[in-house]
Every structure is written in structure tokens, then in C-alpha cells.
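File shown: entry-v3.cif. Contents: mmCIF, C-alpha atoms.
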data_input
#
loop_
_atom_site.label_atom_id
_atom_site.label_comp_id
_atom_site.auth_asym_id
_atom_site.auth_seq_id
_atom_site.Cartn_x
_atom_site.Cartn_y
_atom_site.Cartn_z
CA MET A 1 -117.52 42.43 170.70
CA LEU A 2 -118.33 38.86 171.76
CA PRO A 3 -119.59 36.31 169.17
CA PHE A 4 -123.19 36.50 170.37
CA HIS A 5 -123.06 40.28 169.99
CA GLN A 6 -121.71 40.05 166.44
CA VAL A 7 -124.76 38.15 165.23
CA ALA A 8 -126.96 41.10 166.18
CA ALA A 9 -124.41 43.83 165.38
CA ASP A 10 -126.66 45.92 163.12
CA ASP A 11 -129.65 45.68 165.45
CA PHE A 12 -127.38 46.43 168.41
CA ALA A 13 -126.08 49.59 166.73
CA ALA A 14 -129.69 50.66 166.13
CA VAL A 15 -130.50 50.09 169.82
CA ASN A 16 -127.50 52.17 170.91
CA GLN A 17 -128.65 55.03 168.70
CA HIS A 18 -132.24 54.70 169.92
CA ILE A 19 -131.03 54.85 173.53
CA LEU A 20 -129.28 58.14 172.81
CA ASP A 21 -132.34 59.51 171.01
CA GLN A 22 -134.64 58.59 173.90
CA LEU A 23 -132.39 60.20 176.50
CA HIS A 24 -133.36 63.63 175.22
CA SER A 25 -134.58 65.95 177.97
CA ASP A 26 -135.05 69.66 178.50
CA VAL A 27 -133.07 69.26 181.73
CA PRO A 28 -129.32 69.01 180.94
CA LEU A 29 -128.51 67.00 184.08
CA VAL A 30 -130.79 64.19 182.90
CA GLU A 31 -128.91 63.93 179.62
CA ASN A 32 -125.51 64.26 181.32
CA ILE A 33 -126.13 61.37 183.69
CA GLY A 34 -127.89 59.34 180.99
CA HIS A 35 -124.98 59.68 178.59
CA TYR A 36 -122.50 58.92 181.38
CA LEU A 37 -124.29 55.63 182.01
CA VAL A 38 -124.51 54.74 178.32
CA GLU A 39 -120.83 55.48 177.76
CA ALA A 40 -119.92 53.18 180.65
CA GLY A 41 -120.65 50.33 178.29
CA GLY A 42 -121.33 46.93 179.77
CA LYS A 43 -122.48 43.80 178.00
CA ARG A 44 -126.07 45.03 177.51
CA LEU A 45 -127.26 41.44 177.82
CA ARG A 46 -130.91 42.21 178.46
CA PRO A 47 -131.52 44.23 175.29
CA LEU A 48 -129.38 41.69 173.43
CA LEU A 49 -131.78 38.96 174.53
CA VAL A 50 -134.67 40.88 172.98
CA LEU A 51 -132.79 41.10 169.68
CA LEU A 52 -131.64 37.48 169.60
CA CYS A 53 -134.89 35.90 170.84
CA SER A 54 -137.11 37.89 168.50
CA ARG A 55 -134.99 37.08 165.45
CA ALA A 56 -134.53 33.43 166.49
CA ALA A 57 -138.34 33.16 166.71
CA GLY A 58 -138.72 34.53 163.20
CA TYR A 59 -139.55 38.20 163.81
CA LYS A 60 -138.95 40.33 160.69
CA GLY A 61 -140.01 43.81 161.84
CA ASN A 62 -138.14 46.55 163.69
CA ALA A 63 -140.22 47.11 166.84
CA HIS A 64 -137.69 44.95 168.70
CA ILE A 65 -135.32 47.96 168.66
CA GLY A 66 -137.71 49.99 170.81
CA LEU A 67 -138.44 47.00 173.04
CA ALA A 68 -134.72 46.38 173.61
CA THR A 69 -134.29 50.05 174.54
CA ILE A 70 -137.16 49.83 177.03
CA ILE A 71 -135.54 46.81 178.69
CA GLU A 72 -132.20 48.61 178.92
CA PHE A 73 -133.80 51.71 180.45
CA ILE A 74 -135.55 49.62 183.11
CA HIS A 75 -132.27 47.86 183.89
CA THR A 76 -130.29 51.11 184.07
CA ALA A 77 -132.88 52.66 186.36
CA THR A 78 -132.56 49.72 188.75
CA LEU A 79 -128.76 50.09 188.73
CA LEU A 80 -129.02 53.79 189.60
CA HIS A 81 -131.30 53.02 192.53
CA ASP A 82 -129.25 49.97 193.62
CA ASP A 83 -126.04 51.97 193.81
CA VAL A 84 -127.70 54.55 196.04
CA VAL A 85 -129.18 51.89 198.34
CA ASP A 86 -125.86 50.00 198.48
CA THR A 87 -123.80 53.23 198.77
CA SER A 88 -121.65 51.87 195.94
CA ASP A 89 -119.01 54.12 194.45
CA MET A 90 -117.67 51.90 191.68
CA ARG A 91 -119.39 50.17 188.76
CA ARG A 92 -117.81 48.94 185.53
CA GLY A 93 -114.48 50.33 186.62
CA ARG A 94 -115.52 53.92 187.24
CA LEU A 95 -117.48 56.12 189.62
CA THR A 96 -121.17 55.41 189.99
CA ALA A 97 -123.62 58.19 189.16
CA ASN A 98 -124.36 58.73 192.85
CA ALA A 99 -120.64 59.09 193.60
CA GLN A 100 -120.27 61.53 190.71
CA TRP A 101 -123.41 63.67 191.16
CA GLY A 102 -124.91 62.68 194.51
CA ASN A 103 -127.78 60.45 195.63
CA ALA A 104 -130.68 62.75 194.79
CA PRO A 105 -129.79 63.25 191.09
CA ALA A 106 -129.08 59.52 190.69
CA VAL A 107 -132.46 58.52 192.13
CA LEU A 108 -134.36 61.11 190.11
CA VAL A 109 -132.69 60.22 186.82
CA GLY A 110 -133.53 56.60 187.61
CA ASP A 111 -137.14 57.72 187.90
CA PHE A 112 -136.83 59.52 184.56
CA LEU A 113 -135.57 56.34 182.88
CA TYR A 114 -138.43 54.30 184.35
CA SER A 115 -141.01 56.81 183.16
CA ARG A 116 -139.42 57.10 179.72
CA ALA A 117 -139.51 53.31 179.43
CA PHE A 118 -143.23 53.34 180.19
CA GLN A 119 -143.83 56.10 177.63
CA MET A 120 -142.12 53.92 175.04
CA MET A 121 -144.13 50.90 176.17
CA VAL A 122 -147.37 52.74 175.48
CA ALA A 123 -146.07 53.59 172.00
CA LEU A 124 -145.72 49.85 171.26
CA LYS A 125 -149.50 49.48 171.76
CA ASP A 126 -149.24 45.88 172.94
CA MET A 127 -151.10 45.09 176.15
CA ASP A 128 -149.31 41.76 176.63
CA ILE A 129 -145.92 43.45 176.59
CA MET A 130 -147.14 46.24 178.87
CA SER A 131 -148.53 43.70 181.32
CA ILE A 132 -145.31 41.66 181.40
CA LEU A 133 -143.08 44.69 181.91
CA SER A 134 -145.26 46.39 184.51
CA ASP A 135 -145.37 43.14 186.50
CA THR A 136 -141.62 42.75 186.08
CA THR A 137 -140.76 46.19 187.42
CA ASN A 138 -142.91 45.45 190.45
CA THR A 139 -141.18 42.10 190.95
CA ILE A 140 -137.74 43.72 190.72
CA ALA A 141 -138.73 46.28 193.34
CA GLU A 142 -139.92 43.49 195.65
CA GLY A 143 -136.62 41.71 195.17
CA GLU A 144 -134.69 44.84 196.08
CA VAL A 145 -136.73 45.34 199.24
CA GLN A 146 -136.28 41.68 200.22
CA GLN A 147 -132.53 41.95 199.68
CA LEU A 148 -132.50 45.04 201.91
CA VAL A 149 -134.40 43.11 204.60
CA ASN A 150 -131.97 40.19 204.26
CA ALA A 151 -128.87 42.38 204.63
CA GLY A 152 -127.12 41.67 207.91
CA ASP A 153 -129.16 38.50 208.53
CA PRO A 154 -127.02 35.33 208.64
CA ALA A 155 -130.16 33.18 208.99
CA VAL A 156 -131.23 33.69 205.35
CA THR A 157 -131.80 30.31 203.68
CA GLU A 158 -130.68 29.14 200.26
CA ALA A 159 -134.32 29.07 199.14
CA ASN A 160 -134.81 32.68 200.24
CA TYR A 161 -131.62 33.70 198.44
CA LEU A 162 -132.68 31.97 195.21
CA ASN A 163 -136.05 33.72 195.37
CA VAL A 164 -134.32 37.09 195.70
CA ILE A 165 -131.98 36.55 192.76
CA HIS A 166 -134.92 35.47 190.61
CA LYS A 167 -136.74 38.69 191.43
CA LYS A 168 -133.69 40.97 191.22
CA THR A 169 -132.00 39.49 188.15
CA GLY A 170 -133.89 36.61 186.60
CA ALA A 171 -137.13 38.55 186.24
CA LEU A 172 -135.80 41.09 183.72
CA PHE A 173 -133.93 38.42 181.73
CA GLU A 174 -137.20 36.50 181.71
CA ALA A 175 -139.19 39.54 180.59
CA ALA A 176 -136.73 40.36 177.80
CA CYS A 177 -137.16 36.89 176.33
CA GLU A 178 -140.91 36.61 176.86
CA THR A 179 -141.71 40.02 175.38
CA ALA A 180 -139.54 39.16 172.36
CA ALA A 181 -141.63 36.00 171.96
CA VAL A 182 -144.83 38.08 172.12
CA LEU A 183 -143.46 40.43 169.48
CA ALA A 184 -142.61 37.47 167.26
CA GLY A 185 -146.11 36.00 167.58
CA CYS A 186 -144.96 32.81 169.29
CA SER A 187 -147.45 30.24 170.57
CA ALA A 188 -148.17 30.09 174.30
CA GLU A 189 -145.87 27.07 174.65
CA GLU A 190 -143.02 28.73 172.75
CA ARG A 191 -143.46 31.93 174.72
CA GLU A 192 -143.20 29.96 177.97
CA SER A 193 -140.05 28.22 176.75
CA LEU A 194 -138.28 31.50 175.96
CA LYS A 195 -139.47 32.96 179.26
CA LEU A 196 -137.91 30.03 181.14
CA TYR A 197 -134.72 30.30 179.09
CA GLY A 198 -134.41 33.88 180.35
CA ARG A 199 -135.25 32.93 183.94
CA HIS A 200 -132.59 30.22 184.14
CA LEU A 201 -130.03 32.32 182.29
CA GLY A 202 -130.55 35.26 184.65
CA SER A 203 -130.18 33.04 187.69
CA ALA A 204 -126.97 31.58 186.27
CA PHE A 205 -125.49 35.04 185.70
CA GLN A 206 -126.30 36.13 189.26
CA LEU A 207 -124.90 32.94 190.78
CA VAL A 208 -121.64 33.46 188.90
CA ASP A 209 -121.59 37.14 189.92
CA ASP A 210 -121.91 36.09 193.55
CA ALA A 211 -119.06 33.60 193.16
CA LEU A 212 -116.84 36.15 191.43
CA ASP A 213 -117.31 38.51 194.38
CA TYR A 214 -114.97 36.14 196.25
CA ARG A 215 -112.85 34.74 193.43
CA GLY A 216 -112.47 37.63 190.98
CA ASN A 217 -110.27 40.70 191.17
CA SER A 218 -111.33 44.33 191.45
CA GLU A 219 -109.71 45.47 188.21
CA GLU A 220 -111.48 42.86 186.08
CA LEU A 221 -114.80 43.10 187.91
CA GLY A 222 -114.91 46.89 187.83
CA LYS A 223 -115.97 46.91 191.50
CA ASN A 224 -114.40 46.12 194.83
CA VAL A 225 -114.05 42.41 195.68
CA GLY A 226 -115.92 41.71 198.89
CA ASP A 227 -118.52 44.43 198.38
CA ASP A 228 -121.31 41.94 199.07
CA LEU A 229 -119.77 41.08 202.44
CA ALA A 230 -119.37 44.75 203.34
CA GLU A 231 -123.07 45.21 202.62
CA GLY A 232 -124.00 42.18 204.73
CA LYS A 233 -125.50 40.34 201.75
CA PRO A 234 -125.93 36.62 202.55
CA THR A 235 -125.18 35.25 199.07
CA LEU A 236 -124.88 31.54 198.28
CA PRO A 237 -121.11 31.20 198.90
CA LEU A 238 -121.64 32.55 202.41
CA ILE A 239 -124.83 30.57 203.05
CA TYR A 240 -123.09 27.34 201.98
CA THR A 241 -120.04 28.08 204.16
CA MET A 242 -122.23 28.64 207.22
CA ALA A 243 -124.04 25.34 206.57
CA ASN A 244 -121.06 23.19 205.57
CA GLY A 245 -117.90 24.79 206.95
CA THR A 246 -116.37 24.18 210.35
CA ALA A 247 -117.95 25.76 213.40
CA GLU A 248 -115.17 28.35 213.41
CA GLN A 249 -115.67 29.17 209.71
CA ALA A 250 -119.44 29.43 210.12
CA ALA A 251 -119.08 31.74 213.12
CA LEU A 252 -116.64 33.96 211.21
CA VAL A 253 -119.09 34.36 208.32
CA ARG A 254 -122.12 34.90 210.58
CA GLN A 255 -120.29 37.65 212.45
CA ALA A 256 -119.20 39.40 209.23
CA ILE A 257 -122.74 39.34 207.81
CA GLY A 258 -124.24 40.54 211.07
CA GLN A 259 -121.75 43.39 211.34
CA LYS A 260 -121.82 44.16 207.57
CA SER A 261 -118.05 44.13 207.62
CA ALA A 262 -115.38 43.00 205.16
CA ASP A 263 -112.59 43.40 207.72
CA GLN A 264 -112.08 39.63 207.80
CA LEU A 265 -112.32 39.23 204.02
CA GLU A 266 -109.11 37.22 203.60
CA PRO A 267 -109.91 34.45 206.13
CA ILE A 268 -113.51 34.38 204.92
CA VAL A 269 -112.40 33.88 201.31
CA ALA A 270 -110.11 31.10 202.53
CA ALA A 271 -113.04 29.47 204.37
CA ILE A 272 -115.29 29.76 201.31
CA GLU A 273 -112.67 28.08 199.15
CA ALA A 274 -111.81 25.41 201.72
CA CYS A 275 -115.37 24.15 202.16
CA GLY A 276 -116.17 24.10 198.44
CA ALA A 277 -118.73 26.92 198.54
CA LEU A 278 -117.60 28.52 195.28
CA ASP A 279 -117.57 25.19 193.47
CA TYR A 280 -121.09 24.53 194.76
CA THR A 281 -122.27 27.97 193.61
CA LEU A 282 -120.81 27.43 190.14
CA GLU A 283 -122.38 23.96 189.97
CA ARG A 284 -125.75 25.53 190.64
CA ALA A 285 -125.04 28.03 187.87
CA ARG A 286 -124.18 25.22 185.44
CA ALA A 287 -127.42 23.46 186.32
CA GLU A 288 -129.34 26.66 185.50
CA VAL A 289 -127.51 26.93 182.15
CA ASP A 290 -128.41 23.33 181.32
CA LEU A 291 -132.06 24.09 182.01
CA ALA A 292 -131.85 27.23 179.88
CA MET A 293 -130.35 25.31 176.95
CA GLU A 294 -133.20 22.79 177.03
CA LYS A 295 -135.73 25.56 176.48
CA LEU A 296 -134.20 26.48 173.10
CA GLU A 297 -134.93 23.12 171.46
CA PHE A 298 -138.08 24.33 169.68
CA LEU A 299 -136.23 27.04 167.76
CA GLU A 300 -135.08 26.41 164.19
CA GLU A 301 -131.34 26.07 163.77
CA GLY A 302 -129.63 29.28 162.76
CA GLU A 303 -127.15 31.92 163.86
CA HIS A 304 -129.51 33.51 166.38
CA LYS A 305 -130.23 30.21 168.13
CA THR A 306 -126.51 29.49 168.15
CA ALA A 307 -125.88 32.91 169.69
CA LEU A 308 -128.40 32.20 172.45
CA LYS A 309 -126.54 28.97 173.23
CA GLN A 310 -123.21 30.82 173.23
CA LEU A 311 -124.64 33.38 175.60
CA ALA A 312 -125.72 30.63 177.99
CA SER A 313 -122.24 29.07 177.89
CA PHE A 314 -120.67 32.48 178.46
CA ALA A 315 -122.66 32.86 181.68
CA ILE A 316 -120.48 30.25 183.40
CA GLU A 317 -117.22 30.73 181.49
CA ARG A 318 -116.73 34.43 182.16
CA THR A 319 -114.39 36.05 184.66
CA THR A 320 -116.15 39.46 184.82
#
Write the structure described by the file as C-alpha cells, please.
Amino acid sequence: MLPFHQVAADDFAAVNQHILDQLHSDVPLVENIGHYLVEAGGKRLRPLLVLLCSRAAGYKGNAHIGLATIIEFIHTATLLHDDVVDTSDMRRGRLTANAQWGNAPAVLVGDFLYSRAFQMMVALKDMDIMSILSDTTNTIAEGEVQQLVNAGDPAVTEANYLNVIHKKTGALFEAACETAAVLAGCSAEERESLKLYGRHLGSAFQLVDDALDYRGNSEELGKNVGDDLAEGKPTLPLIYTMANGTAEQAALVRQAIGQKSADQLEPIVAAIEACGALDYTLERARAEVDLAMEKLEFLEEGEHKTALKQLASFAIERTT
């Protein structure tokens, strides 16, 4: 357990139990796939943000447990659907649900998790939270569709890419923090600050993820290095290489994206490294972390604020 998890250890244990409780279904396959996903672990950063932000903002109740569970269910549903769309067979070091059970069960259990999340949202009886999360799920879906449209297109710009990662990743980080602020009764200004903390943090995590796809290793990442290239995803390391590498390097990357092929992974990784694309991507991630840190200034000093800072630092220090 990482230091920023330890601060919220008791709340985190309650969330894990609540997740299991809310996975109950009369259909055994739903519970089987749900438990398989829960047991896969992961950092659970999005529900953690709910716990840390709400406590850092002075919340004393326990509704944040249900809210954190809702956020995790929305996230897990998106992963189930993503893996089907991307035809992924590995996540967190083991088979994806679609590889284990097939595409149809994975999609339908994703639908179950979305609908269960909305049932739980109604139970919170807070229109602000319902509005934020309904808008967020729509934004995430738009981001997924835009990423699908972008796949195989080497003409995607950096601005387009950044818009996609905000919708796909930043939006749920943002929602986790903003809904926690609503729960804690924060002022409009404080709520906006926590929302922006989440937005910048989410972008930083995705930028680092996209760099690790070319600098990490499969065993640590729990997925195959070069998966993004095989899916034709024009992420920032590739976009930068096409704009700043040699003509030969740019042509190599454009061809790989257009063909959705990782056959030339080794020379492409060499080109990415040679032109400084990974360093540039990580610099952009550091800039996002700096912006995120600034948004925490209004919070009173304490272990939860410290944990939020540690989490931001972790975003750019990690190797998985």
C-alpha cells in the first residue's frame, strides 16, 4: 500500500467491502466477472480521490464511501468496454474479461456496472452530484468515440490528442474531486479548485501512461509494450516524433499508425527516444502536476492534503 493509500486505509477498506456488496446480482455471471475485476486490484486512484478530497475539505460523514464506489464502478465499466473496442487481452498482468468470457458478457457486465452506479447515485439524493456524474459519463463516451475516430490517423494534432485524454481520463478524475467537494459543502471557488486538481492530475497520469507504452516493460505494466501503436493510437510521443524527428523517422511513424502495426516497434522506439519525444511527454506531465499542486493551496494542512500532494508526485515518478 502506497503512502497516500495508507492515510485513507480504513475508508478504503470500507469502499472495497461496499464494492463487493453492490456487485450482488441474481445472475451468477455478473458476479463472477465483477469479482474477477475487483480481485485484479489496481491502484483505485479515482475512488481514492473521493476519499482524500472529501476528508481534506473537512467532510465528517460516510456518504463518501458510496460515492467512491460509484466512481469505481463507472471506471470499471469503461475499462470493460475499452478492452472490447481495443481487442485487448491483457490488463494488470492477466487476461481481460473479454479474453476470459468473450466480448458480449464483458460489454453487458459493463452495462450492469453503469446502471448500478446510477442506482447508487439516486440513493445519494444530491442533484449536483448526479448532474456532474451524468455529464462525465457522456464526456467519457465522447472521448472514446473520438479516440476510435483518431485511430489510424497520423494527422491528429497535439491539441486534438490533449482533448481526447481530458475526456477519456481527466474527466473522471475531475468528477471524483468535484463531487467530493460537493459532498463536503465546499464553496463554488473551492469546488472549482478541486475539480481542476483532478483534471490536471488525470492528464498527467495519461501522459505518463502514454510515455510508458514506449519506455516501460510488459511485466511491470501488466500489458504489452507497444499496444498503442498496434491499435494505431496517435499518442503524444508519436505526434511529437512526426513533428520533430527526421523525415525518415516521421515517415516510419506515420506508416505504422496508418497500418495499425507494431511490426516496426524497435526502430520506432529508437526514433522516439532519439528526438526527445518521451522527455517532452514527461515534461508536459510535470507541468500538469505543477498546475494540480497549485489548486490545493486553499486546503488546511493535514495528512489528507499531504496525501493529495504525494499522489500528484507519484503521477510522474511511477514506472507502472
**Request:** Starting from the shown file, work through the PyMOL selection byres ((chain A and resi 302-318) around 6) and note down what comes out as a ChimeraX atom specification.
**Result:** /A:4,52,56,205,289,301,319-320
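Between Val7 in chain A and the candidates A:Val107, A:Ala188, A:Ala77, A:Leu49, the tightest atom-to-atom separation, counting only C-alpha atoms, involves A:Leu49.
Each of A:Thr139, A:Thr78, A:Gln147, A:Ser131 was compared to Phe112 in chain A using only C-alpha atoms, and A:Thr78 turns out to be the nearest.
Using all atoms listed in the file, every residue with an atom at most 10 Å from the point (-132.8, 50.9, 171.9) is listed here: Asp11, Phe12, Ala13, Ala14, Val15, Asn16, Gln17, His18, Ile19, Leu20, Asp21, Gln22, Pro47, Leu48, Ala63, His64, Ile65, Gly66, Leu67, Ala68, Thr69, Ile70, Ile71, Glu72 and Phe73 of chain A.
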**Prompt:** In terms of the shortest atom-to-atom distance over all atoms listed in the file, which of A:Leu124, A:Ala256, A:Ala247, A:Cys53 is closest to Asp153 in chain A?
**Reply:** A:Ala256
On this structure, the PyMOL selection byres ((chain A and resi 239) around 12) would catch which residues? List them as a PDB file with C-alpha atoms, in the frame of the given file, sorted by chain and number.
ATOM      1  CA  ASP A 153    -129.160  38.500 208.530  1.00  0.00           C
ATOM      2  CA  PRO A 154    -127.020  35.330 208.640  1.00  0.00           C
ATOM      3  CA  ALA A 155    -130.160  33.180 208.990  1.00  0.00           C
ATOM      4  CA  VAL A 156    -131.230  33.690 205.350  1.00  0.00           C
ATOM      5  CA  THR A 157    -131.800  30.310 203.680  1.00  0.00           C
ATOM      6  CA  GLU A 158    -130.680  29.140 200.260  1.00  0.00           C
ATOM      7  CA  ALA A 159    -134.320  29.070 199.140  1.00  0.00           C
ATOM      8  CA  ASN A 160    -134.810  32.680 200.240  1.00  0.00           C
ATOM      9  CA  TYR A 161    -131.620  33.700 198.440  1.00  0.00           C
ATOM     10  CA  LEU A 162    -132.680  31.970 195.210  1.00  0.00           C
ATOM     11  CA  ASP A 210    -121.910  36.090 193.550  1.00  0.00           C
ATOM     12  CA  ALA A 211    -119.060  33.600 193.160  1.00  0.00           C
ATOM     13  CA  LEU A 229    -119.770  41.080 202.440  1.00  0.00           C
ATOM     14  CA  GLY A 232    -124.000  42.180 204.730  1.00  0.00           C
ATOM     15  CA  LYS A 233    -125.500  40.340 201.750  1.00  0.00           C
ATOM     16  CA  PRO A 234    -125.930  36.620 202.550  1.00  0.00           C
ATOM     17  CA  THR A 235    -125.180  35.250 199.070  1.00  0.00           C
ATOM     18  CA  LEU A 236    -124.880  31.540 198.280  1.00  0.00           C
ATOM     19  CA  PRO A 237    -121.110  31.200 198.900  1.00  0.00           C
ATOM     20  CA  LEU A 238    -121.640  32.550 202.410  1.00  0.00           C
ATOM     21  CA  TYR A 240    -123.090  27.340 201.980  1.00  0.00           C
ATOM     22  CA  THR A 241    -120.040  28.080 204.160  1.00  0.00           C
ATOM     23  CA  MET A 242    -122.230  28.640 207.220  1.00  0.00           C
ATOM     24  CA  ALA A 243    -124.040  25.340 206.570  1.00  0.00           C
ATOM     25  CA  ASN A 244    -121.060  23.190 205.570  1.00  0.00           C
ATOM     26  CA  GLY A 245    -117.900  24.790 206.950  1.00  0.00           C
ATOM     27  CA  GLN A 249    -115.670  29.170 209.710  1.00  0.00           C
ATOM     28  CA  ALA A 250    -119.440  29.430 210.120  1.00  0.00           C
ATOM     29  CA  ALA A 251    -119.080  31.740 213.120  1.00  0.00           C
ATOM     30  CA  VAL A 253    -119.090  34.360 208.320  1.00  0.00           C
ATOM     31  CA  ARG A 254    -122.120  34.900 210.580  1.00  0.00           C
ATOM     32  CA  ILE A 257    -122.740  39.340 207.810  1.00  0.00           C
ATOM     33  CA  ALA A 271    -113.040  29.470 204.370  1.00  0.00           C
ATOM     34  CA  ILE A 272    -115.290  29.760 201.310  1.00  0.00           C
ATOM     35  CA  CYS A 275    -115.370  24.150 202.160  1.00  0.00           C
ATOM     36  CA  GLY A 276    -116.170  24.100 198.440  1.00  0.00           C
ATOM     37  CA  ALA A 277    -118.730  26.920 198.540  1.00  0.00           C
ATOM     38  CA  LEU A 278    -117.600  28.520 195.280  1.00  0.00           C
ATOM     39  CA  TYR A 280    -121.090  24.530 194.760  1.00  0.00           C
ATOM     40  CA  THR A 281    -122.270  27.970 193.610  1.00  0.00           C
TER      41      THR A 281
END
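Closest approach to Glu142 in chain A from the set A:Ile129, A:Ala230, A:Ile165, A:Met120 is made by A:Ile165, with distances taken over all atoms listed in the file.
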**Asked** To one decimal place, how far is CA of Leu23 in chain A from CA of Gln6 in chain A in Å?
**Response** 24.9 Å
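Across the structure, CA of Ala181 in chain A and CA of Lys195 in chain A are spaced 8.2 Å apart.
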